[in-house]
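Trainee: Input structure: final19.cif, which contains mmCIF, C-alpha atoms.
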```
data_start
loop_
_atom_site.label_atom_id
_atom_site.label_comp_id
_atom_site.auth_asym_id
_atom_site.auth_seq_id
_atom_site.Cartn_x
_atom_site.Cartn_y
_atom_site.Cartn_z
CA MET A 1 9.58 16.25 14.46
CA LYS A 2 6.71 14.03 15.57
CA LYS A 3 4.46 15.83 13.09
CA TRP A 4 6.90 15.18 10.22
CA THR A 5 6.99 11.49 11.04
CA ALA A 6 3.20 11.27 11.19
CA VAL A 7 2.78 13.01 7.84
CA LEU A 8 5.30 10.74 6.14
CA LEU A 9 3.85 7.58 7.67
CA GLY A 10 0.35 8.57 6.60
CA ALA A 11 1.53 9.06 3.04
CA ILE A 12 3.25 5.68 2.94
CA LEU A 13 0.18 3.93 4.33
CA VAL A 14 -1.99 5.48 1.63
CA MET A 15 0.58 4.46 -0.96
CA SER A 16 0.33 0.88 0.29
CA MET A 17 -3.46 0.86 0.05
CA THR A 18 -3.52 2.39 -3.40
CA ALA A 19 -1.24 -0.39 -4.62
CA CYS A 20 -4.48 -2.37 -4.75
CA GLY A 21 -5.86 0.16 -7.21
CA LYS A 22 -9.42 -0.41 -8.46
CA ASP A 23 -10.16 -3.38 -10.92
CA ASN A 24 -10.14 -7.13 -11.62
CA LYS A 25 -10.91 -7.15 -15.34
CA ALA A 26 -7.71 -8.69 -16.66
CA ALA A 27 -8.12 -11.97 -14.78
CA ASP A 28 -9.77 -13.53 -17.82
CA ASP A 29 -7.53 -11.80 -20.36
CA ALA A 30 -4.37 -12.78 -18.51
CA ALA A 31 -4.73 -16.54 -19.08
CA THR A 32 -1.82 -18.30 -20.74
CA PRO A 33 -2.21 -18.23 -24.53
CA PRO A 34 -3.15 -21.58 -26.10
CA ALA A 35 0.28 -22.10 -27.56
CA THR A 36 -0.09 -25.88 -27.44
CA GLU A 37 -2.81 -26.11 -30.06
CA GLN A 38 -0.46 -26.51 -32.98
CA GLY A 39 -0.61 -29.48 -35.30
CA THR A 40 -2.08 -32.90 -34.65
CA THR A 41 0.75 -34.71 -32.90
CA PRO A 42 -0.05 -37.88 -30.91
CA SER A 43 -1.21 -37.57 -27.32
CA THR A 44 2.22 -38.61 -26.05
CA GLU A 45 3.62 -35.23 -27.17
CA THR A 46 0.76 -33.08 -25.89
CA PRO A 47 1.55 -33.00 -22.10
CA PRO A 48 5.09 -31.53 -22.41
CA ALA A 49 3.79 -28.91 -24.89
CA LYS A 50 1.32 -27.70 -22.24
CA GLU A 51 3.68 -27.85 -19.26
CA GLU A 52 6.75 -26.13 -20.71
CA PRO A 53 5.29 -22.61 -21.07
CA LYS A 54 4.32 -22.56 -17.39
CA GLU A 55 7.89 -23.30 -16.35
CA ASP A 56 9.84 -21.40 -19.00
CA ALA A 57 7.62 -18.44 -19.90
CA LEU A 58 7.80 -16.59 -16.60
CA PRO A 59 6.15 -13.16 -17.09
CA THR A 60 8.36 -10.11 -17.26
CA ALA A 61 8.08 -7.32 -14.70
CA ASP A 62 6.42 -5.09 -17.31
CA GLU A 63 3.81 -7.76 -18.07
CA LEU A 64 3.03 -8.39 -14.41
CA LEU A 65 2.75 -4.71 -13.56
CA GLN A 66 0.43 -4.12 -16.49
CA LYS A 67 -1.78 -7.12 -15.73
CA SER A 68 -1.87 -6.27 -12.03
CA ALA A 69 -3.00 -2.71 -12.78
CA GLU A 70 -5.67 -3.94 -15.19
CA ALA A 71 -6.85 -6.58 -12.73
CA SER A 72 -7.22 -3.97 -9.98
CA GLN A 73 -9.56 -1.73 -11.97
CA ASN A 74 -12.70 -3.67 -11.01
CA LEU A 75 -11.65 -4.29 -7.42
CA LYS A 76 -14.56 -3.18 -5.21
CA SER A 77 -13.23 -4.09 -1.76
CA PHE A 78 -10.38 -5.74 0.10
CA ALA A 79 -8.83 -6.24 3.55
CA MET A 80 -5.33 -5.24 4.52
CA LYS A 81 -3.10 -6.05 7.45
CA ALA A 82 0.08 -4.03 7.84
CA ASP A 83 2.96 -3.87 10.28
CA VAL A 84 5.16 -0.78 10.22
CA LYS A 85 8.42 -0.47 12.14
CA GLN A 86 10.28 2.84 12.21
CA HIS A 87 13.67 3.60 13.71
CA ILE A 88 14.20 7.35 13.92
CA VAL A 89 17.46 9.10 14.78
CA ILE A 90 17.46 12.85 15.43
CA GLU A 91 20.82 14.59 15.71
CA GLY A 92 20.97 18.15 17.01
CA GLU A 93 22.38 19.46 20.25
CA GLU A 94 21.63 16.00 21.56
CA LYS A 95 21.20 12.70 19.76
CA GLN A 96 17.80 11.09 20.12
CA GLU A 97 16.76 7.64 18.97
CA GLN A 98 13.24 6.29 19.03
CA ASP A 99 11.29 3.35 17.70
CA VAL A 100 7.70 3.74 16.54
CA ASN A 101 5.82 0.57 15.66
CA MET A 102 2.33 0.41 14.21
CA SER A 103 -0.03 -2.38 13.22
CA LEU A 104 -3.19 -1.94 11.17
CA ASP A 105 -6.06 -4.28 10.42
CA SER A 106 -8.34 -2.70 7.82
CA GLU A 107 -11.31 -3.39 5.58
CA LEU A 108 -11.96 -1.06 2.67
CA THR A 109 -14.65 -0.58 0.05
CA LEU A 110 -13.94 1.55 -3.00
CA GLU A 111 -17.42 2.38 -4.31
CA PRO A 112 -18.06 4.32 -2.14
CA VAL A 113 -14.70 4.76 -0.40
CA GLU A 114 -15.33 3.61 3.17
CA MET A 115 -13.04 2.03 5.73
CA MET A 116 -12.87 0.24 9.05
CA GLN A 117 -9.49 -0.02 10.70
CA ASN A 118 -7.97 -1.10 13.99
CA VAL A 119 -4.73 0.72 14.76
CA VAL A 120 -2.20 -0.06 17.48
CA MET A 121 0.85 2.19 17.83
CA ASP A 122 3.79 1.81 20.23
CA SER A 123 6.04 4.84 20.64
CA PRO A 124 8.16 6.47 23.36
CA GLU A 125 5.02 8.39 24.35
CA GLY A 126 3.20 5.13 25.08
CA LYS A 127 0.79 2.70 23.46
CA VAL A 128 -2.25 3.92 21.56
CA GLU A 129 -5.12 1.71 20.40
CA MET A 130 -7.85 3.04 18.15
CA LYS A 131 -10.72 1.75 16.05
CA GLN A 132 -11.96 3.97 13.26
CA TYR A 133 -14.89 3.90 10.82
CA ILE A 134 -14.86 6.20 7.83
CA THR A 135 -18.18 6.22 5.98
CA GLU A 136 -20.23 8.52 3.79
CA ASP A 137 -22.39 9.42 6.76
CA GLY A 138 -19.59 10.29 9.17
CA ILE A 139 -16.27 9.35 10.78
CA TYR A 140 -16.32 7.56 14.13
CA MET A 141 -13.46 6.69 16.49
CA LEU A 142 -13.13 4.46 19.54
CA MET A 143 -10.35 5.45 21.95
CA ASP A 144 -9.94 4.63 25.64
CA GLY A 145 -13.22 2.77 25.55
CA GLN A 146 -15.21 5.76 24.38
CA TRP A 147 -16.78 6.44 20.96
CA MET A 148 -16.71 9.86 19.39
CA GLN A 149 -17.79 11.30 16.05
CA VAL A 150 -15.23 13.45 14.24
CA PRO A 151 -16.57 17.00 13.76
CA LYS A 152 -17.77 17.73 10.24
CA GLU A 153 -15.22 20.53 9.83
CA SER A 154 -12.40 18.03 10.44
CA GLU A 155 -13.67 15.28 8.15
CA GLN A 156 -12.40 16.56 4.81
CA GLU A 157 -8.70 16.17 5.55
CA ILE A 158 -9.26 12.52 6.48
CA ARG A 159 -11.43 11.89 3.42
CA ASP A 160 -8.86 13.53 1.12
CA SER A 161 -6.25 11.05 2.33
CA LEU A 162 -8.50 8.22 1.10
CA ASP A 163 -9.24 9.76 -2.31
CA MET A 164 -7.91 7.15 -4.72
CA SER A 165 -9.11 8.84 -7.90
CA SER A 166 -5.65 10.28 -8.50
CA ALA A 167 -4.08 6.82 -8.15
CA SER A 168 -5.38 5.34 -11.39
CA PRO A 169 -3.99 1.94 -12.41
CA GLU A 170 -2.45 3.55 -15.48
CA GLN A 171 -0.61 6.07 -13.32
CA GLN A 172 0.66 3.35 -11.01
CA VAL A 173 1.94 1.31 -13.96
CA GLU A 174 3.89 4.27 -15.31
CA GLN A 175 5.40 4.88 -11.86
CA PHE A 176 6.55 1.29 -11.43
CA LYS A 177 7.70 0.94 -15.04
CA THR A 178 10.56 3.31 -14.21
CA LEU A 179 11.78 0.51 -11.93
CA ALA A 180 10.85 -2.43 -14.17
CA LYS A 181 14.48 -3.00 -15.12
CA ASP A 182 15.32 -3.38 -11.43
CA PHE A 183 12.62 -5.94 -10.65
CA LYS A 184 13.42 -9.63 -10.52
CA VAL A 185 10.45 -11.94 -11.12
CA THR A 186 10.18 -15.27 -9.32
CA GLU A 187 7.30 -17.48 -8.25
CA ASP A 188 6.28 -18.91 -4.90
CA GLY A 189 3.45 -21.42 -5.14
CA ASP A 190 0.42 -19.62 -6.58
CA THR A 191 2.07 -16.18 -6.36
CA TYR A 192 4.35 -14.22 -8.68
CA VAL A 193 6.91 -12.23 -6.69
CA LEU A 194 8.59 -9.04 -7.91
CA THR A 195 11.68 -7.98 -5.94
CA ALA A 196 13.81 -4.89 -6.38
CA ASP A 197 16.63 -3.11 -4.59
CA VAL A 198 16.83 0.39 -6.00
CA SER A 199 18.75 3.55 -5.26
CA GLY A 200 19.70 6.76 -7.02
CA ASP A 201 18.03 9.99 -8.10
CA ASN A 202 14.99 8.31 -9.66
CA LEU A 203 13.94 7.09 -6.21
CA LYS A 204 13.09 10.58 -5.02
CA GLU A 205 10.84 11.33 -7.98
CA LEU A 206 9.14 7.94 -7.67
CA ALA A 207 8.54 8.38 -3.93
CA LYS A 208 7.24 11.94 -4.42
CA SER A 209 4.87 10.77 -7.15
CA MET A 210 3.54 7.85 -5.10
CA MET A 211 3.22 9.81 -1.87
CA SER A 212 1.39 12.59 -3.66
CA GLN A 213 -1.51 10.14 -3.87
CA ALA A 214 -2.11 11.05 -0.22
CA GLY A 215 -2.99 14.60 -1.30
CA ASN A 216 -1.23 17.80 -2.27
CA ASP A 217 -0.01 18.74 1.19
CA PRO A 218 2.46 21.66 0.83
CA GLN A 219 4.20 20.66 4.06
CA MET A 220 4.73 17.10 2.84
CA GLU A 221 5.96 18.32 -0.56
CA ALA A 222 8.48 20.61 1.16
CA MET A 223 9.69 17.75 3.34
CA MET A 224 10.07 15.48 0.32
CA ASP A 225 12.19 18.13 -1.40
CA GLN A 226 14.57 18.09 1.56
CA MET A 227 14.67 14.34 1.81
CA ASP A 228 17.60 12.17 0.75
CA ILE A 229 16.26 8.68 0.03
CA LYS A 230 19.12 6.25 0.47
CA SER A 231 17.47 3.05 -0.69
CA ILE A 232 14.17 1.26 -1.24
CA HIS A 233 13.69 -2.49 -1.13
CA ILE A 234 10.37 -3.69 -2.58
CA ILE A 235 8.74 -7.12 -2.58
CA TYR A 236 5.40 -7.23 -4.39
CA GLY A 237 3.36 -10.44 -4.52
CA VAL A 238 0.64 -11.00 -7.15
CA GLN A 239 -1.85 -13.87 -7.43
CA LYS A 240 -1.14 -15.99 -10.48
CA GLU A 241 -4.80 -16.51 -11.41
CA SER A 242 -6.29 -13.08 -10.73
CA TYR A 243 -3.15 -10.85 -10.83
CA LEU A 244 -4.45 -9.08 -7.71
CA PRO A 245 -1.89 -8.07 -5.07
CA VAL A 246 -1.44 -10.26 -2.01
CA THR A 247 1.66 -8.82 -0.31
CA THR A 248 3.75 -5.68 -0.36
CA ASP A 249 6.97 -5.36 1.66
CA LEU A 250 8.59 -1.95 1.62
CA ASP A 251 11.90 -1.05 3.30
CA MET A 252 12.97 2.59 3.03
CA VAL A 253 16.05 4.34 4.38
CA MET A 254 16.03 8.12 4.19
CA ALA A 255 17.54 11.21 5.79
CA MET A 256 16.84 14.93 5.86
CA ASP A 257 17.77 18.18 7.56
CA ALA A 258 14.82 19.88 9.25
CA GLU A 259 14.49 22.56 11.90
CA GLY A 260 18.25 22.63 12.38
CA GLN A 261 18.40 18.91 13.01
CA LYS A 262 19.54 15.92 11.00
CA VAL A 263 16.91 13.20 10.87
CA SER A 264 17.32 9.66 9.58
CA LEU A 265 14.49 7.18 9.25
CA ASP A 266 14.63 3.44 8.65
CA MET A 267 11.12 2.18 7.90
CA LYS A 268 10.05 -1.41 7.29
CA MET A 269 6.46 -2.08 6.25
CA LYS A 270 4.86 -5.44 5.57
CA SER A 271 1.34 -5.56 4.14
CA ALA A 272 -0.95 -8.48 3.28
CA TYR A 273 -4.15 -8.19 1.21
CA SER A 274 -7.14 -10.52 1.32
CA LYS A 275 -10.95 -10.67 0.95
CA HIS A 276 -10.81 -9.30 -2.60
CA ASN A 277 -14.37 -8.23 -3.51
CA GLU A 278 -15.78 -10.05 -0.46
CA ILE A 279 -16.71 -6.97 1.63
CA SER A 280 -20.08 -5.56 0.60
CA LYS A 281 -20.42 -2.71 3.11
CA ILE A 282 -18.71 -1.12 6.11
CA GLU A 283 -21.18 -1.39 8.99
CA VAL A 284 -20.79 1.11 11.84
CA PRO A 285 -21.67 -0.28 15.31
CA LYS A 286 -24.82 1.13 16.91
CA GLU A 287 -22.89 2.40 19.92
CA ALA A 288 -20.74 4.50 17.58
CA LEU A 289 -23.80 5.95 15.86
CA ASN A 290 -25.10 7.03 19.26
CA ALA A 291 -21.85 8.84 20.13
CA ASP A 292 -21.99 12.58 20.81
#
```
Mind turning this structure into structure tokens?
Mentor:
Amino acid sequence: MKKWTAVLLGAILVMSMTACGKDNKAADDAATPPATEQGTTPSTETPPAKEEPKEDALPTADELLQKSAEASQNLKSFAMKADVKQHIVIEGEEKQEQDVNMSLDSELTLEPVEMMQNVVMDSPEGKVEMKQYITEDGIYMLMDGQWMQVPKESEQEIRDSLDMSSASPEQQVEQFKTLAKDFKVTEDGDTYVLTADVSGDNLKELAKSMMSQAGNDPQMEAMMDQMDIKSIHIIYGVQKESYLPVTTDLDMVMAMDAEGQKVSLDMKMKSAYSKHNEISKIEVPKEALNAD
């Protein structure tokens, strides 16, 4: 059951990262149209004509999703902090309950795809702290104060989980458009906020489509087929000026039967994005490069 939880968590983490997509092009195109340049009315009428569209013409969910996807196409790098809390209940001959909490602090470049991340996980088995560098030249890990290089034969699975080519902005837009009617758009300072509480059969197809971005793992696909997703609560924050993502909160409640046991999972994940296009390269420490 631990393996199932790890596979699912990995898929959701990749889904969160791919929400940033790959481009920033629409920042210029997304400016408010010059609707105020009509006629030659006196200056006393000009200010309200410019202010009203900002207050009244709040973008629709479709417009924000489209502009966010377009804006992410030129995104070259970003940082992400995420906190994941899982409450797992396993019912079989005996009932087991466990909490697994994870925090991540990551920096990612997209061309090429390279990553640095600090991971801290608390589970019934204990606390695990790890630092990881994933680069074109190799994958390095720091655990228990000791650096190691991941064997070449084990690298591909890790690299496949970071392959974002299948998560094109257009694909992401189509996925979220199925939920556009459920999103409520508000604003909070310099951020547009999309919020949705969704349930029903379309959730399973959406989750399967998004999680497939982590790779075509037959085991994960089989698990998703067995899964009953009860609800998903999404909060997605987008910068007003650039339309790049700044926050993603994802609450998922799901259940499944596996290995003769009934498993329920309540997962809450909060992510924050920053340093858009500010990270030029992932630098591996010298002590890691010297690891055996």
Trainee: Which residue gives the smallest distance to Gly92 of chain A among A:Ser264, A:Thr247, A:Gln132, A:Ser123, with all atoms listed in the file counted?
Mentor: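 Of all the options, A:Ser264 lies closest to Gly92 of chain A.
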Trainee: Counting all atoms listed in the file, figure out which residue out of A:Thr109, A:Thr191, A:Gln66, A:Gln73 gets nearest to Glu241 of chain A.
Mentor: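 Closest candidate: A:Thr191.
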Trainee: So the first atom is atom CA of Tyr236 of chain A and the second is atom CA of Ser271 of chain A; what is the distance between them in Å, to one decimal place?
Mentor: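 These two atoms are separated by 9.6 Å.
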Trainee: Give as a PyMOL selection string every residue, naming chains and numbers as the document does, that has an atom within 7 Å of (14.8, -0.1, -2.9), counting only C-alpha atoms.
Mentor: chain A and resi 196-199+231-234+251-252
Trainee: Just how far from atom CA of Met102 of chain A is atom CA of Val120 of chain A, in Å to one decimal?
Mentor: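 So the two atoms, atom CA of Val120 of chain A and atom CA of Met102 of chain A, lie 5.6 Å apart.
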Trainee: How many Å separate atom CA of Ile282 of chain A from atom CA of Val238 of chain A?
Mentor: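 Separation of atom CA of Ile282 of chain A and atom CA of Val238 of chain A: 25.5 Å.
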Trainee: For Leu194 of chain A, which residue among A:Glu114, A:Asp182, A:Glu155, A:Asp122 is the nearest when counting only C-alpha atoms?
Mentor: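 Nearest candidate to Leu194 of chain A out of A:Glu114, A:Asp182, A:Glu155, A:Asp122: A:Asp182.
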Trainee: At a cut-off of 7 Å, using only C-alpha atoms, what residues contact Asp228 of chain A? Leave out same-chain residues fewer than 6 positions from it and give the result as a PDB file with C-alpha atoms, keeping the file's coordinate frame.
Mentor:
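Written out: out-v1.pdb:
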```
ATOM      1  CA  MET A 254      16.030   8.120   4.190  1.00  0.00           C
ATOM      2  CA  ALA A 255      17.540  11.210   5.790  1.00  0.00           C
ATOM      3  CA  MET A 256      16.840  14.930   5.860  1.00  0.00           C
TER       4      MET A 256
END
```
Trainee: Selected by the PyMOL selection byres ((chain A and resi 136) around 8) in the shown coordinates: which residues, as a list in words?
Mentor: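 For this structure, the PyMOL selection byres ((chain A and resi 136) around 8) resolves to Pro112, Val113, Glu114, Ile134, Thr135, Asp137 and Gly138 of chain A.
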Trainee: Could you write out as a list in words the residues that the PyMOL selection byres ((chain A and resi 144) around 12) matches in the shown file?
Mentor: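 For this structure, the PyMOL selection byres ((chain A and resi 144) around 12) captures Lys127, Val128, Glu129, Met130, Lys131, Met141, Leu142, Met143, Gly145, Gln146, Trp147 and Met148 of chain A.
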Trainee: The PyMOL selection byres ((chain A and resi 88) around 8) on the file shown: which residues, as a PDB file with C-alpha atoms, in the frame of the given file?
Mentor:
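Here's the written file selection.pdb:
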```pdb
ATOM      1  CA  GLN A  86      10.280   2.840  12.210  1.00  0.00           C
ATOM      2  CA  HIS A  87      13.670   3.600  13.710  1.00  0.00           C
ATOM      3  CA  VAL A  89      17.460   9.100  14.780  1.00  0.00           C
ATOM      4  CA  ILE A  90      17.460  12.850  15.430  1.00  0.00           C
ATOM      5  CA  GLU A  97      16.760   7.640  18.970  1.00  0.00           C
ATOM      6  CA  GLN A  98      13.240   6.290  19.030  1.00  0.00           C
ATOM      7  CA  ASP A  99      11.290   3.350  17.700  1.00  0.00           C
ATOM      8  CA  VAL A 100       7.700   3.740  16.540  1.00  0.00           C
ATOM      9  CA  VAL A 263      16.910  13.200  10.870  1.00  0.00           C
ATOM     10  CA  SER A 264      17.320   9.660   9.580  1.00  0.00           C
ATOM     11  CA  LEU A 265      14.490   7.180   9.250  1.00  0.00           C
ATOM     12  CA  ASP A 266      14.630   3.440   8.650  1.00  0.00           C
TER      13      ASP A 266
END
```
Trainee: Near Thr186 of chain A, counting all atoms listed in the file, which residues have an atom at most 12 Å away, once you skip same-chain residues fewer than 4 positions from it, shown as a PyMOL selection string?
Mentor: chain A and resi 55-61+64+190-196+235-238+240
Trainee: Taking all atoms listed in the file into account, name the residue in A:Tyr140, A:Tyr133, A:Tyr273, A:Phe183 that is nearest to Asn290 of chain A.
Mentor: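 Checking each of A:Tyr140, A:Tyr133, A:Tyr273, A:Phe183 against Asn290 of chain A, counting all atoms listed in the file, the winner is A:Tyr140.
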Trainee: Using only C-alpha atoms, can you tell me which of A:Ala82, A:Glu259, A:Met269, A:His276 comes closest to Ser242 of chain A?
Mentor: A:His276
Trainee: Around all the atoms of segment 109-113 of chain A listed in the file, with 5 Å of room on each side, what axis-aligned box do you get, giving centre and edge lengths in Å to one decimal, as AutoDock Vina command-line options?
Mentor:
```
--center_x -16.0 --center_y 2.1 --center_z -2.1 --size_x 14.1 --size_y 15.3 --size_z 14.4
```
Trainee: Considering only C-alpha atoms, can you say which of A:Glu91, A:Glu287, A:Lys85, A:Asp188 comes closest to Ala258 of chain A?
Mentor: A:Glu91
